[in-house]
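Data file: protein_33.cif. Format and content: mmCIF, C-alpha atoms and all ligand atoms.
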data_run
#
loop_
_atom_site.group_PDB
_atom_site.id
_atom_site.type_symbol
_atom_site.label_atom_id
_atom_site.label_comp_id
_atom_site.auth_asym_id
_atom_site.auth_seq_id
_atom_site.Cartn_x
_atom_site.Cartn_y
_atom_site.Cartn_z
ATOM 1 C CA MET A 1 30.686 155.059 105.925
ATOM 2 C CA SER A 2 33.625 152.911 104.745
ATOM 3 C CA HIS A 3 34.774 150.064 107.032
ATOM 4 C CA GLU A 4 38.131 149.836 105.279
ATOM 5 C CA LYS A 5 41.097 149.814 107.661
ATOM 6 C CA LEU A 6 44.712 150.816 107.321
ATOM 7 C CA ALA A 7 47.276 148.811 109.331
ATOM 8 C CA CYS A 8 50.642 150.117 110.484
ATOM 9 C CA PRO A 9 53.323 147.736 109.086
ATOM 10 C CA ARG A 10 55.530 148.296 112.162
ATOM 11 C CA CYS A 11 53.224 148.264 115.231
ATOM 12 C CA ASP A 12 50.053 146.686 113.689
ATOM 13 C CA ALA A 13 47.789 149.508 114.928
ATOM 14 C CA LEU A 14 44.568 149.755 112.892
ATOM 15 C CA TYR A 15 43.085 153.040 111.708
ATOM 16 C CA PRO A 16 40.096 153.894 109.514
ATOM 17 C CA ALA A 17 41.322 154.259 105.927
ATOM 18 C CA ILE A 18 41.305 157.796 104.559
ATOM 19 C CA LYS A 19 41.573 158.907 100.950
ATOM 20 C CA LEU A 20 44.924 160.585 100.398
ATOM 21 C CA ALA A 21 45.517 163.409 97.943
ATOM 22 C CA ASP A 22 48.424 163.082 95.453
ATOM 23 C CA LYS A 23 51.842 162.960 97.183
ATOM 24 C CA GLN A 24 50.206 162.855 100.639
ATOM 25 C CA ILE A 25 51.657 160.397 103.169
ATOM 26 C CA ALA A 26 49.793 158.661 106.030
ATOM 27 C CA LEU A 27 52.004 158.260 109.126
ATOM 28 C CA CYS A 28 51.163 156.113 112.135
ATOM 29 C CA PRO A 29 50.342 158.456 115.057
ATOM 30 C CA ARG A 30 51.709 155.881 117.517
ATOM 31 C CA CYS A 31 55.143 154.988 116.032
ATOM 32 C CA GLY A 32 55.570 157.414 113.125
ATOM 33 C CA CYS A 33 55.975 154.655 110.510
ATOM 34 C CA LYS A 34 54.803 155.379 106.944
ATOM 35 C CA MET A 35 51.558 153.436 106.346
ATOM 36 C CA ALA A 36 50.568 154.646 102.879
ATOM 37 C CA GLU A 37 51.647 157.149 100.261
ATOM 38 C CA ALA A 38 49.530 158.461 97.387
ATOM 39 C CA LYS A 39 51.934 158.596 94.455
ATOM 40 C CA ALA A 40 51.044 161.056 91.692
ATOM 41 C CA ASP A 41 49.677 159.501 88.477
ATOM 42 C CA SER A 42 50.960 156.111 89.652
ATOM 43 C CA ILE A 43 49.266 153.848 87.064
ATOM 44 C CA ASN A 44 50.219 155.884 83.963
ATOM 45 C CA ARG A 45 53.799 156.443 85.126
ATOM 46 C CA THR A 46 54.340 152.783 86.053
ATOM 47 C CA LEU A 47 52.826 151.699 82.732
ATOM 48 C CA ALA A 48 55.237 153.928 80.759
ATOM 49 C CA ILE A 49 58.309 153.026 82.837
ATOM 50 C CA SER A 50 57.655 149.277 82.828
ATOM 51 C CA LEU A 51 57.115 149.373 79.034
ATOM 52 C CA ALA A 52 60.416 151.249 78.600
ATOM 53 C CA GLY A 53 62.108 148.645 80.810
ATOM 54 C CA LEU A 54 60.649 145.787 78.754
ATOM 55 C CA LEU A 55 61.859 147.402 75.507
ATOM 56 C CA MET A 56 65.384 147.675 76.932
ATOM 57 C CA PHE A 57 65.355 144.177 78.406
ATOM 58 C CA ILE A 58 66.572 142.106 75.417
ATOM 59 C CA PRO A 59 69.291 144.627 74.341
ATOM 60 C CA GLY A 60 70.259 145.115 78.002
ATOM 61 C CA ILE A 61 71.030 141.436 78.596
ATOM 62 C CA SER A 62 72.243 140.386 75.117
ATOM 63 C CA MET A 63 74.317 143.307 73.772
ATOM 64 C CA PRO A 64 78.000 143.585 74.749
ATOM 65 C CA MET A 65 78.480 145.781 77.817
ATOM 66 C CA VAL A 66 82.246 145.936 78.124
ATOM 67 C CA GLY A 67 85.077 145.287 75.674
ATOM 68 C CA ALA A 68 88.749 144.799 76.523
ATOM 69 C CA THR A 69 91.870 144.802 74.358
ATOM 70 C CA LEU A 70 94.820 142.875 75.804
ATOM 71 C CA VAL A 71 98.015 142.073 73.847
ATOM 72 C CA GLY A 72 96.254 142.841 70.579
ATOM 73 C CA GLN A 73 93.262 140.580 71.308
ATOM 74 C CA TYR A 74 89.805 142.154 71.659
ATOM 75 C CA ALA A 75 86.990 140.502 73.621
ATOM 76 C CA GLU A 76 83.575 141.764 74.684
ATOM 77 C CA VAL A 77 80.999 140.441 77.084
ATOM 78 C CA SER A 78 77.244 140.713 77.717
ATOM 79 C CA LEU A 79 75.141 139.488 80.645
ATOM 80 C CA ILE A 80 74.126 136.376 78.677
ATOM 81 C CA ASP A 81 77.823 135.705 77.890
ATOM 82 C CA CYS A 82 78.566 135.857 81.656
ATOM 83 C CA LEU A 83 75.864 133.267 82.223
ATOM 84 C CA PHE A 84 77.325 130.875 79.604
ATOM 85 C CA VAL A 85 80.874 131.357 80.936
ATOM 86 C CA LEU A 86 79.640 130.368 84.410
ATOM 87 C CA LEU A 87 77.846 127.313 82.986
ATOM 88 C CA ARG A 88 80.930 126.231 80.985
ATOM 89 C CA SER A 89 83.032 126.642 84.139
ATOM 90 C CA GLU A 90 80.515 124.471 86.038
ATOM 91 C CA PHE A 91 79.595 127.205 88.542
ATOM 92 C CA PHE A 92 75.977 126.046 88.347
ATOM 93 C CA ILE A 93 74.719 127.625 91.601
ATOM 94 C CA VAL A 94 76.203 131.019 90.714
ATOM 95 C CA ALA A 95 74.776 130.732 87.178
ATOM 96 C CA LEU A 96 71.344 129.907 88.618
ATOM 97 C CA GLY A 97 71.556 132.920 90.969
ATOM 98 C CA LEU A 98 72.609 135.180 88.084
ATOM 99 C CA PHE A 99 69.746 133.906 85.914
ATOM 100 C CA LEU A 100 67.115 134.248 88.661
ATOM 101 C CA PHE A 101 68.079 137.605 90.152
ATOM 102 C CA THR A 102 69.206 139.510 87.039
ATOM 103 C CA ILE A 103 67.111 137.968 84.245
ATOM 104 C CA ALA A 104 64.024 136.001 85.373
ATOM 105 C CA ILE A 105 62.823 138.039 88.382
ATOM 106 C CA PRO A 106 63.402 141.517 86.847
ATOM 107 C CA LEU A 107 61.557 140.365 83.686
ATOM 108 C CA ILE A 108 58.609 138.911 85.649
ATOM 109 C CA ARG A 109 58.441 142.103 87.794
ATOM 110 C CA LEU A 110 58.336 144.402 84.763
ATOM 111 C CA LEU A 111 55.822 142.202 82.906
ATOM 112 C CA THR A 112 53.580 141.948 85.987
ATOM 113 C CA ALA A 113 53.673 145.702 86.695
ATOM 114 C CA PHE A 114 52.867 146.438 83.021
ATOM 115 C CA TYR A 115 50.074 143.838 82.861
ATOM 116 C CA ILE A 116 48.371 145.014 86.072
ATOM 117 C CA CYS A 117 48.626 148.736 85.256
ATOM 118 C CA LEU A 118 47.269 148.109 81.738
ATOM 119 C CA ALA A 119 44.322 146.138 83.165
ATOM 120 C CA ILE A 120 43.545 148.882 85.728
ATOM 121 C CA LYS A 121 43.789 151.589 83.063
ATOM 122 C CA ARG A 122 41.365 149.665 80.792
ATOM 123 C CA ASN A 123 39.058 148.732 83.727
ATOM 124 C CA ARG A 124 39.496 145.044 82.953
ATOM 125 C CA VAL A 125 40.683 143.727 86.293
ATOM 126 C CA THR A 126 39.986 140.048 87.016
ATOM 127 C CA HIS A 127 40.890 137.550 89.725
ATOM 128 C CA THR A 128 44.063 136.645 87.759
ATOM 129 C CA HIS A 129 45.420 140.163 88.305
ATOM 130 C CA LEU A 130 45.088 139.682 92.048
ATOM 131 C CA GLN A 131 47.389 136.634 91.814
ATOM 132 C CA PHE A 132 49.783 138.540 89.571
ATOM 133 C CA PHE A 133 49.983 141.431 92.019
ATOM 134 C CA ARG A 134 50.627 139.042 94.926
ATOM 135 C CA SER A 135 53.576 137.594 92.978
ATOM 136 C CA TYR A 136 54.800 141.128 92.153
ATOM 137 C CA HIS A 137 54.627 141.979 95.870
ATOM 138 C CA PHE A 138 56.632 138.838 96.683
ATOM 139 C CA LEU A 139 59.308 139.434 94.016
ATOM 140 C CA ASP A 140 59.610 143.194 94.546
ATOM 141 C CA SER A 141 62.764 143.024 96.654
ATOM 142 C CA TRP A 142 64.391 140.125 94.768
ATOM 143 C CA ALA A 143 65.418 141.905 91.541
ATOM 144 C CA MET A 144 69.169 142.426 91.921
ATOM 145 C CA LEU A 145 70.251 144.184 88.749
ATOM 146 C CA HIS A 146 72.043 146.750 90.918
ATOM 147 C CA VAL A 147 74.271 144.028 92.438
ATOM 148 C CA PHE A 148 75.327 142.867 88.957
ATOM 149 C CA PHE A 149 75.954 146.501 87.950
ATOM 150 C CA LEU A 150 78.163 146.958 91.022
ATOM 151 C CA GLY A 151 80.075 143.790 90.041
ATOM 152 C CA ILE A 152 80.555 145.059 86.467
ATOM 153 C CA SER A 153 81.789 148.454 87.775
ATOM 154 C CA VAL A 154 84.378 146.819 90.033
ATOM 155 C CA ALA A 155 85.479 144.439 87.235
ATOM 156 C CA VAL A 156 85.917 147.345 84.770
ATOM 157 C CA TYR A 157 87.925 149.313 87.351
ATOM 158 C CA LYS A 158 90.233 146.348 88.007
ATOM 159 C CA LEU A 159 90.525 145.369 84.324
ATOM 160 C CA ALA A 160 91.451 148.935 83.323
ATOM 161 C CA GLU A 161 94.817 148.469 85.106
ATOM 162 C CA TYR A 162 95.825 145.700 82.669
ATOM 163 C CA ALA A 163 93.846 146.213 79.460
ATOM 164 C CA ASP A 164 92.375 148.869 77.203
ATOM 165 C CA VAL A 165 88.713 148.840 78.300
ATOM 166 C CA SER A 166 85.784 150.168 76.253
ATOM 167 C CA LEU A 167 82.185 150.653 77.418
ATOM 168 C CA ASN A 168 79.641 149.469 74.856
ATOM 169 C CA ILE A 169 75.989 150.162 74.022
ATOM 170 C CA GLY A 170 74.846 147.120 76.044
ATOM 171 C CA LEU A 171 75.968 148.880 79.233
ATOM 172 C CA ALA A 172 73.797 151.930 78.418
ATOM 173 C CA MET A 173 70.830 149.589 77.810
ATOM 174 C CA PHE A 174 71.522 147.723 81.041
ATOM 175 C CA ILE A 175 71.701 151.000 83.020
ATOM 176 C CA GLY A 176 68.381 152.046 81.398
ATOM 177 C CA LEU A 177 66.871 148.695 82.402
ATOM 178 C CA LEU A 178 68.217 149.101 85.954
ATOM 179 C CA LEU A 179 66.737 152.624 86.212
ATOM 180 C CA CYS A 180 63.345 151.433 84.920
ATOM 181 C CA SER A 181 63.371 148.593 87.459
ATOM 182 C CA ILE A 182 64.081 151.046 90.329
ATOM 183 C CA LEU A 183 61.564 153.614 89.048
ATOM 184 C CA THR A 184 58.831 150.966 88.738
ATOM 185 C CA HIS A 185 59.342 150.241 92.440
ATOM 186 C CA LEU A 186 59.135 153.966 93.246
ATOM 187 C CA THR A 187 56.135 154.880 91.082
ATOM 188 C CA LEU A 188 53.838 151.891 91.656
ATOM 189 C CA ASP A 189 51.414 152.800 94.429
ATOM 190 C CA HIS A 190 50.613 149.474 96.115
ATOM 191 C CA HIS A 191 47.751 150.949 98.142
ATOM 192 C CA THR A 192 46.017 152.289 95.004
ATOM 193 C CA VAL A 193 46.468 148.976 93.171
ATOM 194 C CA TRP A 194 45.022 146.940 96.081
ATOM 195 C CA GLN A 195 42.084 149.372 96.227
ATOM 196 C CA LYS A 196 41.420 149.088 92.475
ATOM 197 C CA LEU A 197 41.633 145.293 92.669
ATOM 198 C CA GLU A 198 39.249 145.177 95.638
ATOM 199 C CA GLN A 199 36.760 147.554 94.014
ATOM 200 C CA SER A 200 36.615 145.582 90.763
ATOM 201 C CA PRO A 201 33.348 143.580 90.419
ATOM 202 C CA ASN A 202 35.246 140.750 88.650
ATOM 203 C CA VAL A 203 37.604 140.000 91.569
HETATM 204 ZN ZN ZN A 301 52.699 152.219 114.048
#
What is this file in structure tokens?
Amino acid sequence: MSHEKLACPRCDALYPAIKLADKQIALCPRCGCKMAEAKADSINRTLAISLAGLLMFIPGISMPMVGATLVGQYAEVSLIDCLFVLLRSEFFIVALGLFLFTIAIPLIRLLTAFYICLAIKRNRVTHTHLQFFRSYHFLDSWAMLHVFFLGISVAVYKLAEYADVSLNIGLAMFIGLLLCSILTHLTLDHHTVWQKLEQSPNV
């Protein structure tokens, strides 16, 4: 008989762990909080989505997102350009925030999810993957691509009143990257990953 326990994240009640079928959800009988969810084909889906996100990462941050024509002058801007404009304007704290939350953390999240899922799929899990997954768990809620996207949307709406605005390929790549980042969060089954890491003889 397994001694593995499942803890409720809200009321801390402990229950014997049960194996869930695909798409089944374990709810706490005491407070009704969701304790675990078995996501269908979690490892394969996360592997594919994180790879797609990584492929769109460089174009998403470096290609021009928005172009504007004002009094005959055309200018276009990418995420990296925004970062350099902030640095040139000496808004160092804002530039650091932009770099961390829209470039560094989303990249580390996608790389970590891809690396862990690949290791689980190939049955080559080691102690290093445990550390990687802890960092993924920590960074999971700190990727803020959606905040930058909201900022871009508002800026385009405001700019359209004064200039001829065009949406460029970089914006499509950035939206793809944003979707992959959200989908990675939705498809990665933390409970399954912890189980696979615990069951590995190398950990
Ligand atoms: Zn509970």
message: Rounded to one decimal, what separation in Å do you get between atom CA of Leu178 of chain A and atom CA of Phe148 of chain A?
response: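 Interatomic distance here is 9.9 Å.
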- request: Write out as a PyMOL selection string the residues lying within 9 Å of segment 54-70 of chain A, counting only C-alpha atoms and excluding same-chain residues fewer than 5 positions away.
  value: chain A and resi 49+75-81+102-103+107+110-111+114+152+156+159-160+162-177+180
message: Can you translate the PyMOL selection byres (((not hetatm)) within 12 of (chain A and resi 301)) into the concrete residues it hits in this file, as number ranges by chain?
response: A: 6-15, 26-36
Output of the PyMOL selection byres (((chain A and resi 136) around 8) and not hetatm), listed as JSON, numbers by chain: {"A": [108, 109, 112, 113, 132, 133, 134, 135, 137, 138, 139, 140]}
Taking every listed atom of segment 156-169 of chain A and adding 4 Å to each side, what centre and edge lengths in Å (one decimal) does the axis-aligned box have, as lines of an AutoDock Vina configuration file?
center_x = 85.9
center_y = 148.0
center_z = 81.0
size_x = 27.8
size_y = 13.3
size_z = 22.0
query: Taking all atoms listed in the file into account, which of A:Gln24, A:Thr46, A:Asn123, A:Gln73 comes nearest Pro201 of chain A?
result: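 Smallest separation from Pro201 of chain A among the options: A:Asn123.
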Could I get the residues of segment 10-83 of chain A with an atom no further than 12 Å from an atom of segment 192-195 of chain A, each paired with its nearest atom pair and that distance in Å to one decimal, using all atoms listed in the file, sorted by chain and residue number, as a tab-separated table?
residue	atom	partner	partner_atom	distance
A:Ala17	CA	A:Gln195	CA	10.9
A:Ile18	CA	A:Gln195	CA	11.9
A:Lys19	CA	A:Thr192	CA	9.9
A:Leu20	CA	A:Thr192	CA	10.0
A:Ala21	CA	A:Thr192	CA	11.5
A:Asp22	CA	A:Thr192	CA	11.1
A:Ala36	CA	A:Thr192	CA	9.4
A:Glu37	CA	A:Thr192	CA	9.1
A:Ala38	CA	A:Thr192	CA	7.5
A:Lys39	CA	A:Thr192	CA	8.7
A:Ala40	CA	A:Thr192	CA	10.6
A:Asp41	CA	A:Thr192	CA	10.4
A:Ser42	CA	A:Thr192	CA	8.2
A:Ile43	CA	A:Val193	CA	8.3
A:Thr46	CA	A:Val193	CA	11.3
- prompt: In Å to one decimal, how far is atom CA of Leu183 of chain A from atom CA of Val147 of chain A?
  reply: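 A separation of 16.3 Å between them.
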- request: Would you mind reading off the distance between atom CA of Ser89 of chain A and atom CA of Glu161 of chain A, one decimal, in Å?
  value: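 Computing it gives 24.8 Å between the two atoms.
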field: Output of the PyMOL selection byres (((chain A and resi 143) around 6) and not hetatm), listed as a PyMOL selection string
entry: chain A and resi 101+105-106+141-142+144
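The shortest atom-to-atom distance to Tyr115 of chain A, with all atoms listed in the file taken into account, belongs to A:Leu130 out of A:Leu83, A:Leu130, A:Leu145, A:Ile25.
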